[in-house]
Amino acid sequence: MAKSQTSVGSEEPSSSRPWESYHTVYTNAKAGMEGVDKQKVQRVVYEMSKGSKYFENEEKKDAYMKQKIENMRAQYSKLTPQDISHHQKMADKRILELEATRDLSRIWLHVDMDAFYAAVETLCNPSLKGKPVAVGSMSMISTASYEARKFGVRAAMPGFIARKLCPELLFVPVDFQKYTHYSNLTRKVFQNYDLNFLAASLDEAYLDITSVCKERGITSGEVAEELRQSVHLETGLTCSAGVAPNRLLAKVCSDINKPDGQFVLPNDRSAIMTFISSLPIRKIGGIGKVTERILKDVFGITTCEDLLQKSSFICALFSRSSADFFLSVGLGLGGTDTPQYKMRKSISNERTFSATADEALLFQKLVDLSEMLSADMIKEGLFGRTLTLKLKTASFEVRTRAVTLPSYICSSEEILKHASKLLKAEFPVSLRLMGLRMSHFSDDKNGIPADPTQKTLSDFILSGDVSGGKMSDYRPLVSDFCDNTFSVDLNSYPTYSAETSCDLRDSSMENQTSDSTFSCTILGNINEEVNGTVVPQSSEPRAKVHEPTNTDHKMKFEKIDSYTGQLEACPRDNWQNGFSCVDEEAGSISDQKQFFVWVDDYKCSICGIELPPSFTEERQEHSDFHLAERLQGEESGHNLRSFVPQQRAAQKGHTGSSGRLKKKQKSSPTTSKYVPIDAFFVKTNQNF
DNA sequence: GGGTTATACGCAC
DNA sequence: TTCCAGTGCGTATAACCC
């Protein structure tokens, strides 16, 4: 932040120094950057960024921020003396309550490894010693050595900007295996002081050293000194430590004498209040670039002491939880208990790539993400029901789209099934990042059990294993899916022959792999059957393979019209919107429909549920269920599900998202047919 | 009106 | 030459549902 402004209207940039109003995180005080020419850094970052899409997006965000600040200022100025008096009383009361929670009985130590990644790399390659080193890439730097920091180079800075600041900067790629190894060594040391230490990251930890100090009759400073020496002996790396009555302050303290230093704040209220009084709010964990700017520009708050002095305004303009946090900071309060094991709340992965609007490419990335997420979830035994798709457009706009499902899932097929619907609703769009996050985990982990032998989607696609063992010779080239003809339509891919899942025990399949229990049940397009739609078949295979001469399985592919959901003959050069394949020898779809009938076009012949013909989707889903039920029974005798159709129909009417979906229908016709449905069931007549 | 869901955003490392 | 990350948590807000 180049300007220090605390009054309304002081935001206007100097026309001769436009970089001064370009808000970056890079000028925030960080250990090892005390002597840095902030003006120069600010100017270089501005010049390197100016005109880019990233820059344009930052300007948009900045405009939004200015508006937000203006709105808060307006609220601020509208407060009457009576309002202020009222809120002051509330604030005073709250301060007393918070003060009553102060606990000075514990001694917390925060350890922070010095420039950890860079230090490890230097340790492994001594030729880097004394040189400016950046761990990361031209896109992003994870850690900078102290030598590099003198030039203004720091973590979270793009490499190309860092190189401009420091042309002799040496880049080293990240190597998490290495860092994990050294992190484990440090943790062995930490255990000697607190068995229940809290690891904040690979290079940070909080230790409750109250007992150690007491039992050994030594001061907290002596413990910190000894611990740091032990870490150095064990790893060859230096670290810094902060000691204080709570974790929030301990973290602030560990930064004071960085690197290779320590600072002890005694367990004494007046010492704490003195310490906190002049402390810049940005030093507090949880107060970042945006919060700092709001507090400074709206209230004129720059130090922790100011938070108490402006307590009435804070209570007037912030939510209860935010106000509590700010007042706690002003009092120097923080966590003192040893928190119980915290359950993970979400699990995610995301990838940045060259911006593209190619839907086939984007889908392939979604396939990859689904597999990665599923693998991570299976590894941790997690089942989740809220799936969030994160997108970053070519212009750096970030969007998230979420869906909450009626049941818990973890398989890549199901993740992809739902993620693809979310993604398709966004098309056309040019993206540079996609991510998937699962949250809302099952408490008792009673989701559908994970099948460790389950094939991945890539196995599925790349092996062409869509008809069980009969497809063992089918080996599509990766390029089949990477050009514009990639069209394993992710909403239609499970629309293969109903027999496919029954053929999983085919001998050729068994020969192929011992773990071929393919738990993704592949269904026929029942809708087509029920409605008696003629299914024209292309006379030519969709995906030519290395050895296309094997015609034993007579693979047929049909394009599914993206808008009507109808199957139609698919010219080879027009496989844009999806295809399904039917293995004629594996059993025709019409064979499958015989078992299922709507009596009087109204009543299910199997379970008796009544669904009028106009309930097209519900009937589709219902028939899918019975078919899958039958197929699963035929396949293995395993009853993977105990969910009866009636229950599903009932649940469907009460899904929390149904109302929102109704709303979405207005603006997003591509999602209008979306109803969260259960595992193993995919409708094929959707508007994609 | 309170709880839930979807979305956006902030923050830390 | 290269051209702004990935993971996870928390909060705020609005819309919706019961």
# chains A, B, ... in the order shown; residues from 1 in each chain; ligands from 1
call {"tool": "interface_residues", "arguments": {"of": "chain C", "to": "chain A", "cutoff": "7 Å", "atoms": "only C-alpha atoms (C1' of nucleotides)", "output": "VMD selection string"}}
result
chain C and resid 2 to 8 16
call {"tool": "write_last_selection", "arguments": {"atoms": "C-alpha atoms (C1' of nucleotides)", "output": "PDB file, in the first residue's frame"}}
result
ATOM      1  C1'  DT C   2       8.378 -17.585 -19.904  1.00  0.00           C
ATOM      2  C1'  DC C   3       3.411 -13.810 -18.157  1.00  0.00           C
ATOM      3  C1'  DC C   4      -0.174 -14.157 -11.396  1.00  0.00           C
ATOM      4  C1'  DA C   5      -0.733 -21.344  -7.728  1.00  0.00           C
ATOM      5  C1'  DG C   6      -3.039 -24.909  -4.958  1.00  0.00           C
ATOM      6  C1'  DT C   7      -5.472 -26.344  -0.729  1.00  0.00           C
ATOM      7  C1'  DG C   8      -8.475 -25.622   2.891  1.00  0.00           C
ATOM      8  C1'  DC C  16     -35.288 -20.503  -0.480  1.00  0.00           C
TER       9       DC C  16
END
call {"tool": "interface_residues", "arguments": {"of": "chain B", "to": "chain A", "cutoff": "7 Å", "atoms": "only C-alpha atoms (C1' of nucleotides)", "output": "PyMOL selection string"}}
result
chain B and resi 5-7+11+13
call {"tool": "select_by_dssp", "arguments": {"residues": "region 161-386 of chain A", "states": "alpha helix (DSSP H)", "output": "NGL selection string"}}
result
:A and (161-165 or 176-191 or 210-216 or 220-235 or 247-254 or 269-277 or 289-294 or 304-309 or 311-317 or 320-331 or 359-380)
call {"tool": "select_by_dssp", "arguments": {"residues": "region 144-387 of chain A", "states": "strand (DSSP E or B)", "output": "ChimeraX atom specification"}}
result
/A:144,170-172,198-201,204-208,239-244,262-264,280,303,346-356,384-387
call {"tool": "residues_around", "arguments": {"residues": "region 68-81 of chain A", "least_positions_apart": "4", "cutoff": "12 Å", "atoms": "only C-alpha atoms (C1' of nucleotides)", "output": "short mmCIF file (atom, residue, chain, number, x, y, z; two decimals) with all heavy atoms, in the first residue's frame"}}
result
data_model
loop_
_atom_site.label_atom_id
_atom_site.label_comp_id
_atom_site.auth_asym_id
_atom_site.auth_seq_id
_atom_site.Cartn_x
_atom_site.Cartn_y
_atom_site.Cartn_z
N THR A 6 -6.41 7.97 5.35
CA THR A 6 -7.40 7.63 6.35
C THR A 6 -8.66 8.46 6.21
O THR A 6 -9.55 8.37 7.00
CB THR A 6 -6.84 7.84 7.76
OG1 THR A 6 -6.41 9.19 7.86
CG2 THR A 6 -5.70 6.91 8.05
N SER A 7 -8.70 9.26 5.18
CA SER A 7 -9.88 10.10 5.07
C SER A 7 -10.57 9.89 3.74
O SER A 7 -9.97 9.45 2.77
CB SER A 7 -9.48 11.57 5.19
OG SER A 7 -8.55 11.88 4.18
N VAL A 8 -11.83 10.21 3.73
CA VAL A 8 -12.63 10.05 2.52
C VAL A 8 -12.03 10.88 1.40
O VAL A 8 -11.61 12.02 1.60
CB VAL A 8 -14.09 10.51 2.78
CG1 VAL A 8 -14.91 10.40 1.52
CG2 VAL A 8 -14.68 9.67 3.89
N GLY A 9 -11.99 10.28 0.22
CA GLY A 9 -11.55 11.05 -0.94
C GLY A 9 -10.07 11.05 -1.19
O GLY A 9 -9.60 11.68 -2.12
N SER A 10 -9.31 10.33 -0.39
CA SER A 10 -7.87 10.35 -0.58
C SER A 10 -7.40 9.19 -1.44
O SER A 10 -6.24 8.88 -1.49
CB SER A 10 -7.16 10.31 0.77
OG SER A 10 -7.56 9.15 1.46
N GLU A 11 -8.34 8.55 -2.14
CA GLU A 11 -8.01 7.37 -2.91
C GLU A 11 -7.40 7.68 -4.27
O GLU A 11 -6.76 6.85 -4.88
CB GLU A 11 -9.28 6.54 -3.15
CG GLU A 11 -9.60 5.63 -2.01
CD GLU A 11 -8.70 4.41 -2.00
OE1 GLU A 11 -8.39 3.89 -3.09
OE2 GLU A 11 -8.30 3.99 -0.91
N LYS A 61 -11.63 -5.55 -9.38
CA LYS A 61 -11.74 -5.85 -7.96
C LYS A 61 -11.50 -4.60 -7.12
O LYS A 61 -12.14 -4.39 -6.09
CB LYS A 61 -10.73 -6.95 -7.58
CG LYS A 61 -11.20 -8.34 -7.99
CD LYS A 61 -10.08 -9.33 -8.14
CE LYS A 61 -9.32 -9.63 -6.87
NZ LYS A 61 -8.26 -10.63 -7.07
N ASP A 62 -10.57 -3.79 -7.60
CA ASP A 62 -10.26 -2.57 -6.86
C ASP A 62 -11.45 -1.60 -6.88
O ASP A 62 -11.76 -0.96 -5.87
CB ASP A 62 -9.03 -1.90 -7.48
CG ASP A 62 -8.49 -0.79 -6.60
OD1 ASP A 62 -8.10 -1.09 -5.46
OD2 ASP A 62 -8.49 0.38 -7.04
N ALA A 63 -12.10 -1.55 -8.04
CA ALA A 63 -13.28 -0.66 -8.15
C ALA A 63 -14.37 -1.14 -7.20
O ALA A 63 -15.04 -0.34 -6.53
CB ALA A 63 -13.78 -0.65 -9.59
N TYR A 64 -14.53 -2.46 -7.12
CA TYR A 64 -15.53 -3.02 -6.23
C TYR A 64 -15.18 -2.69 -4.78
O TYR A 64 -16.04 -2.33 -3.98
CB TYR A 64 -15.58 -4.54 -6.44
CG TYR A 64 -16.45 -5.27 -5.46
CD1 TYR A 64 -17.84 -5.29 -5.60
CD2 TYR A 64 -15.88 -5.94 -4.37
CE1 TYR A 64 -18.64 -5.95 -4.68
CE2 TYR A 64 -16.67 -6.60 -3.46
CZ TYR A 64 -18.04 -6.61 -3.62
OH TYR A 64 -18.83 -7.27 -2.70
N SER A 85 -23.39 6.22 20.85
CA SER A 85 -23.47 5.96 22.29
C SER A 85 -24.00 4.55 22.56
O SER A 85 -23.48 3.81 23.39
CB SER A 85 -24.39 7.00 22.94
OG SER A 85 -24.64 6.66 24.27
N HIS A 86 -25.02 4.19 21.80
CA HIS A 86 -25.61 2.86 21.96
C HIS A 86 -24.57 1.77 21.67
O HIS A 86 -24.40 0.83 22.45
CB HIS A 86 -26.81 2.72 21.02
CG HIS A 86 -27.30 1.33 20.86
ND1 HIS A 86 -28.01 0.67 21.85
CD2 HIS A 86 -27.16 0.43 19.84
CE1 HIS A 86 -28.29 -0.56 21.44
NE2 HIS A 86 -27.79 -0.73 20.22
N HIS A 87 -23.90 1.92 20.53
CA HIS A 87 -22.93 0.90 20.14
C HIS A 87 -21.71 0.89 21.07
O HIS A 87 -21.09 -0.14 21.27
CB HIS A 87 -22.50 1.10 18.68
CG HIS A 87 -23.58 0.73 17.71
ND1 HIS A 87 -24.01 -0.58 17.56
CD2 HIS A 87 -24.32 1.48 16.85
CE1 HIS A 87 -24.97 -0.61 16.64
NE2 HIS A 87 -25.19 0.62 16.20
N GLN A 88 -21.42 2.05 21.64
CA GLN A 88 -20.30 2.09 22.58
C GLN A 88 -20.61 1.27 23.82
O GLN A 88 -19.76 0.53 24.34
CB GLN A 88 -19.98 3.54 22.98
CG GLN A 88 -18.69 3.68 23.78
CD GLN A 88 -17.47 3.25 22.96
OE1 GLN A 88 -17.16 3.86 21.94
NE2 GLN A 88 -16.79 2.18 23.40
N VAL A 290 -7.22 -6.90 2.22
CA VAL A 290 -8.54 -6.27 2.10
C VAL A 290 -9.02 -5.72 3.44
O VAL A 290 -9.47 -4.57 3.53
CB VAL A 290 -9.55 -7.28 1.53
CG1 VAL A 290 -10.96 -6.72 1.59
CG2 VAL A 290 -9.17 -7.65 0.11
N THR A 291 -8.92 -6.55 4.47
CA THR A 291 -9.39 -6.10 5.78
C THR A 291 -8.58 -4.91 6.27
O THR A 291 -9.13 -3.96 6.85
CB THR A 291 -9.29 -7.26 6.80
OG1 THR A 291 -9.88 -8.42 6.22
CG2 THR A 291 -9.99 -6.93 8.09
N GLU A 292 -7.29 -4.97 6.05
CA GLU A 292 -6.44 -3.85 6.44
C GLU A 292 -6.90 -2.56 5.76
O GLU A 292 -7.03 -1.51 6.39
CB GLU A 292 -4.98 -4.13 6.06
CG GLU A 292 -4.05 -2.98 6.45
CD GLU A 292 -2.67 -3.12 5.82
OE1 GLU A 292 -2.59 -3.57 4.64
OE2 GLU A 292 -1.68 -2.76 6.47
N ARG A 293 -7.19 -2.68 4.49
CA ARG A 293 -7.59 -1.49 3.73
C ARG A 293 -8.92 -0.94 4.21
O ARG A 293 -9.11 0.28 4.35
CB ARG A 293 -7.67 -1.86 2.24
CG ARG A 293 -7.82 -0.66 1.34
CD ARG A 293 -7.66 -1.05 -0.10
NE ARG A 293 -8.19 -0.03 -0.98
CZ ARG A 293 -8.42 -0.23 -2.26
NH1 ARG A 293 -8.18 -1.40 -2.81
NH2 ARG A 293 -8.91 0.76 -3.01
N ILE A 294 -9.86 -1.84 4.48
CA ILE A 294 -11.16 -1.39 4.96
C ILE A 294 -11.01 -0.69 6.31
O ILE A 294 -11.54 0.41 6.52
CB ILE A 294 -12.14 -2.58 5.07
CG1 ILE A 294 -12.53 -3.06 3.66
CG2 ILE A 294 -13.38 -2.22 5.87
CD1 ILE A 294 -13.33 -4.34 3.64
N LEU A 295 -10.28 -1.34 7.22
CA LEU A 295 -10.14 -0.76 8.55
C LEU A 295 -9.44 0.60 8.48
O LEU A 295 -9.78 1.54 9.21
CB LEU A 295 -9.37 -1.73 9.47
CG LEU A 295 -10.13 -2.99 9.88
CD1 LEU A 295 -9.22 -3.94 10.65
CD2 LEU A 295 -11.36 -2.65 10.73
N LYS A 296 -8.46 0.67 7.60
CA LYS A 296 -7.70 1.91 7.51
C LYS A 296 -8.51 3.02 6.82
O LYS A 296 -8.60 4.15 7.31
CB LYS A 296 -6.41 1.66 6.73
CG LYS A 296 -5.44 2.82 6.76
CD LYS A 296 -4.29 2.59 5.81
CE LYS A 296 -3.21 1.72 6.41
NZ LYS A 296 -2.04 1.57 5.50
N ASP A 297 -9.13 2.67 5.68
CA ASP A 297 -9.79 3.69 4.87
C ASP A 297 -11.16 4.11 5.42
O ASP A 297 -11.63 5.22 5.17
CB ASP A 297 -9.93 3.21 3.43
CG ASP A 297 -8.58 3.13 2.73
OD1 ASP A 297 -7.58 3.51 3.37
OD2 ASP A 297 -8.53 2.70 1.57
N VAL A 298 -11.82 3.21 6.13
CA VAL A 298 -13.14 3.56 6.65
C VAL A 298 -13.04 4.13 8.06
O VAL A 298 -13.68 5.13 8.39
CB VAL A 298 -14.08 2.32 6.65
CG1 VAL A 298 -15.42 2.68 7.26
CG2 VAL A 298 -14.25 1.79 5.24
N PHE A 299 -12.21 3.49 8.88
CA PHE A 299 -12.18 3.88 10.29
C PHE A 299 -10.89 4.59 10.70
O PHE A 299 -10.80 5.10 11.81
CB PHE A 299 -12.32 2.63 11.17
CG PHE A 299 -13.54 1.81 10.88
CD1 PHE A 299 -13.49 0.75 9.99
CD2 PHE A 299 -14.75 2.09 11.50
CE1 PHE A 299 -14.61 -0.02 9.73
CE2 PHE A 299 -15.88 1.33 11.23
CZ PHE A 299 -15.82 0.27 10.34
N GLY A 300 -9.90 4.56 9.85
CA GLY A 300 -8.62 5.14 10.22
C GLY A 300 -7.85 4.27 11.20
O GLY A 300 -6.99 4.74 11.94
N LYS A 310 -11.87 2.42 18.49
CA LYS A 310 -12.98 2.58 17.54
C LYS A 310 -14.01 1.48 17.72
O LYS A 310 -14.75 1.13 16.79
CB LYS A 310 -12.44 2.52 16.11
CG LYS A 310 -11.41 3.59 15.78
CD LYS A 310 -12.09 4.85 15.31
CE LYS A 310 -11.05 5.88 14.86
NZ LYS A 310 -11.67 7.09 14.31
N SER A 312 -16.87 1.18 19.12
CA SER A 312 -18.29 1.43 18.88
C SER A 312 -18.60 1.37 17.39
O SER A 312 -19.63 0.82 16.96
CB SER A 312 -18.69 2.80 19.44
OG SER A 312 -17.96 3.82 18.77
N PHE A 313 -17.71 1.89 16.57
CA PHE A 313 -17.93 1.89 15.12
C PHE A 313 -17.81 0.46 14.56
O PHE A 313 -18.53 0.08 13.65
CB PHE A 313 -16.93 2.82 14.43
CG PHE A 313 -17.07 4.23 14.87
CD1 PHE A 313 -16.20 4.78 15.81
CD2 PHE A 313 -18.09 5.03 14.38
CE1 PHE A 313 -16.34 6.08 16.23
CE2 PHE A 313 -18.25 6.34 14.80
CZ PHE A 313 -17.35 6.88 15.73
N ILE A 314 -16.88 -0.28 15.15
CA ILE A 314 -16.72 -1.67 14.72
C ILE A 314 -17.99 -2.45 15.00
O ILE A 314 -18.49 -3.20 14.16
CB ILE A 314 -15.50 -2.29 15.42
CG1 ILE A 314 -14.22 -1.77 14.76
CG2 ILE A 314 -15.54 -3.82 15.36
CD1 ILE A 314 -12.94 -2.19 15.44
N CYS A 315 -18.54 -2.25 16.21
CA CYS A 315 -19.76 -2.96 16.55
C CYS A 315 -20.94 -2.50 15.69
O CYS A 315 -21.86 -3.27 15.42
CB CYS A 315 -20.09 -2.78 18.03
SG CYS A 315 -18.97 -3.70 19.11
N ALA A 316 -20.89 -1.25 15.27
CA ALA A 316 -21.99 -0.72 14.48
C ALA A 316 -21.96 -1.24 13.05
O ALA A 316 -23.00 -1.48 12.44
CB ALA A 316 -21.93 0.81 14.47
N LEU A 317 -20.77 -1.43 12.50
CA LEU A 317 -20.69 -1.74 11.07
C LEU A 317 -20.31 -3.17 10.71
O LEU A 317 -20.44 -3.57 9.56
CB LEU A 317 -19.70 -0.78 10.39
CG LEU A 317 -20.34 0.49 9.82
CD1 LEU A 317 -20.76 1.46 10.91
CD2 LEU A 317 -19.40 1.18 8.86
N PHE A 318 -19.86 -3.93 11.71
CA PHE A 318 -19.48 -5.31 11.39
C PHE A 318 -20.44 -6.29 12.06
O PHE A 318 -21.13 -5.95 13.02
CB PHE A 318 -18.05 -5.61 11.84
CG PHE A 318 -17.00 -4.95 10.99
CD1 PHE A 318 -16.31 -3.82 11.44
CD2 PHE A 318 -16.68 -5.46 9.74
CE1 PHE A 318 -15.34 -3.22 10.67
CE2 PHE A 318 -15.71 -4.86 8.95
CZ PHE A 318 -15.03 -3.74 9.41
#
call {"tool": "decode", "arguments": {"residues": "region 225-284 of chain A", "atoms": "C-alpha atoms", "output": "PDB file, in the first residue's frame"}}
result
ATOM      1  CA  GLU A 225      16.423 -21.593  22.536  1.00  0.00           C
ATOM      2  CA  GLU A 226      16.893 -25.301  23.112  1.00  0.00           C
ATOM      3  CA  LEU A 227      14.201 -26.276  20.647  1.00  0.00           C
ATOM      4  CA  ARG A 228      15.683 -24.126  17.912  1.00  0.00           C
ATOM      5  CA  GLN A 229      19.103 -25.639  18.503  1.00  0.00           C
ATOM      6  CA  SER A 230      17.651 -29.122  18.366  1.00  0.00           C
ATOM      7  CA  VAL A 231      15.915 -28.359  15.092  1.00  0.00           C
ATOM      8  CA  HIS A 232      19.168 -27.057  13.679  1.00  0.00           C
ATOM      9  CA  LEU A 233      21.084 -30.120  14.858  1.00  0.00           C
ATOM     10  CA  GLU A 234      18.465 -32.456  13.461  1.00  0.00           C
ATOM     11  CA  THR A 235      17.965 -30.757  10.106  1.00  0.00           C
ATOM     12  CA  GLY A 236      20.707 -28.232   9.481  1.00  0.00           C
ATOM     13  CA  LEU A 237      17.965 -25.630   9.088  1.00  0.00           C
ATOM     14  CA  THR A 238      17.232 -22.558  11.167  1.00  0.00           C
ATOM     15  CA  CYS A 239      13.912 -21.541  12.576  1.00  0.00           C
ATOM     16  CA  SER A 240      12.420 -18.708  14.567  1.00  0.00           C
ATOM     17  CA  ALA A 241      10.230 -18.906  17.620  1.00  0.00           C
ATOM     18  CA  GLY A 242       7.704 -16.768  19.388  1.00  0.00           C
ATOM     19  CA  VAL A 243       6.499 -17.352  22.934  1.00  0.00           C
ATOM     20  CA  ALA A 244       3.299 -15.836  24.295  1.00  0.00           C
ATOM     21  CA  PRO A 245       0.236 -16.680  26.405  1.00  0.00           C
ATOM     22  CA  ASN A 246      -1.791 -17.571  23.320  1.00  0.00           C
ATOM     23  CA  ARG A 247      -1.323 -18.760  19.779  1.00  0.00           C
ATOM     24  CA  LEU A 248      -2.301 -15.539  18.068  1.00  0.00           C
ATOM     25  CA  LEU A 249       0.376 -13.591  19.913  1.00  0.00           C
ATOM     26  CA  ALA A 250       2.938 -16.387  19.674  1.00  0.00           C
ATOM     27  CA  LYS A 251       2.676 -16.241  15.915  1.00  0.00           C
ATOM     28  CA  VAL A 252       3.183 -12.504  15.897  1.00  0.00           C
ATOM     29  CA  CYS A 253       6.189 -12.945  18.178  1.00  0.00           C
ATOM     30  CA  SER A 254       7.900 -15.553  16.017  1.00  0.00           C
ATOM     31  CA  ASP A 255       8.091 -13.003  13.228  1.00  0.00           C
ATOM     32  CA  ILE A 256       9.780 -10.328  15.293  1.00  0.00           C
ATOM     33  CA  ASN A 257      13.346 -11.631  15.286  1.00  0.00           C
ATOM     34  CA  LYS A 258      13.287 -13.618  12.074  1.00  0.00           C
ATOM     35  CA  PRO A 259      15.409 -15.286  10.837  1.00  0.00           C
ATOM     36  CA  ASP A 260      17.037 -17.544  13.408  1.00  0.00           C
ATOM     37  CA  GLY A 261      15.715 -15.620  16.371  1.00  0.00           C
ATOM     38  CA  GLN A 262      13.054 -15.621  19.030  1.00  0.00           C
ATOM     39  CA  PHE A 263      10.913 -13.280  21.063  1.00  0.00           C
ATOM     40  CA  VAL A 264       9.198 -13.893  24.374  1.00  0.00           C
ATOM     41  CA  LEU A 265       6.086 -12.015  25.450  1.00  0.00           C
ATOM     42  CA  PRO A 266       5.509 -12.610  29.173  1.00  0.00           C
ATOM     43  CA  ASN A 267       2.206 -13.837  30.552  1.00  0.00           C
ATOM     44  CA  ASP A 268       1.325 -10.472  31.921  1.00  0.00           C
ATOM     45  CA  ARG A 269      -1.670  -8.406  30.919  1.00  0.00           C
ATOM     46  CA  SER A 270       0.027  -5.036  30.964  1.00  0.00           C
ATOM     47  CA  ALA A 271       2.947  -6.374  28.931  1.00  0.00           C
ATOM     48  CA  ILE A 272       0.489  -7.719  26.402  1.00  0.00           C
ATOM     49  CA  MET A 273      -1.442  -4.454  26.173  1.00  0.00           C
ATOM     50  CA  THR A 274       1.790  -2.514  25.718  1.00  0.00           C
ATOM     51  CA  PHE A 275       2.928  -4.959  23.058  1.00  0.00           C
ATOM     52  CA  ILE A 276      -0.341  -4.848  21.211  1.00  0.00           C
ATOM     53  CA  SER A 277      -0.891  -1.112  21.392  1.00  0.00           C
ATOM     54  CA  SER A 278       1.455  -0.123  18.602  1.00  0.00           C
ATOM     55  CA  LEU A 279       1.236  -3.367  16.651  1.00  0.00           C
ATOM     56  CA  PRO A 280       0.104  -2.827  13.038  1.00  0.00           C
ATOM     57  CA  ILE A 281      -3.133  -4.712  12.401  1.00  0.00           C
ATOM     58  CA  ARG A 282      -1.609  -6.381   9.333  1.00  0.00           C
ATOM     59  CA  LYS A 283       0.696  -8.347  11.611  1.00  0.00           C
ATOM     60  CA  ILE A 284      -2.291 -10.248  12.917  1.00  0.00           C
TER      61      ILE A 284
END
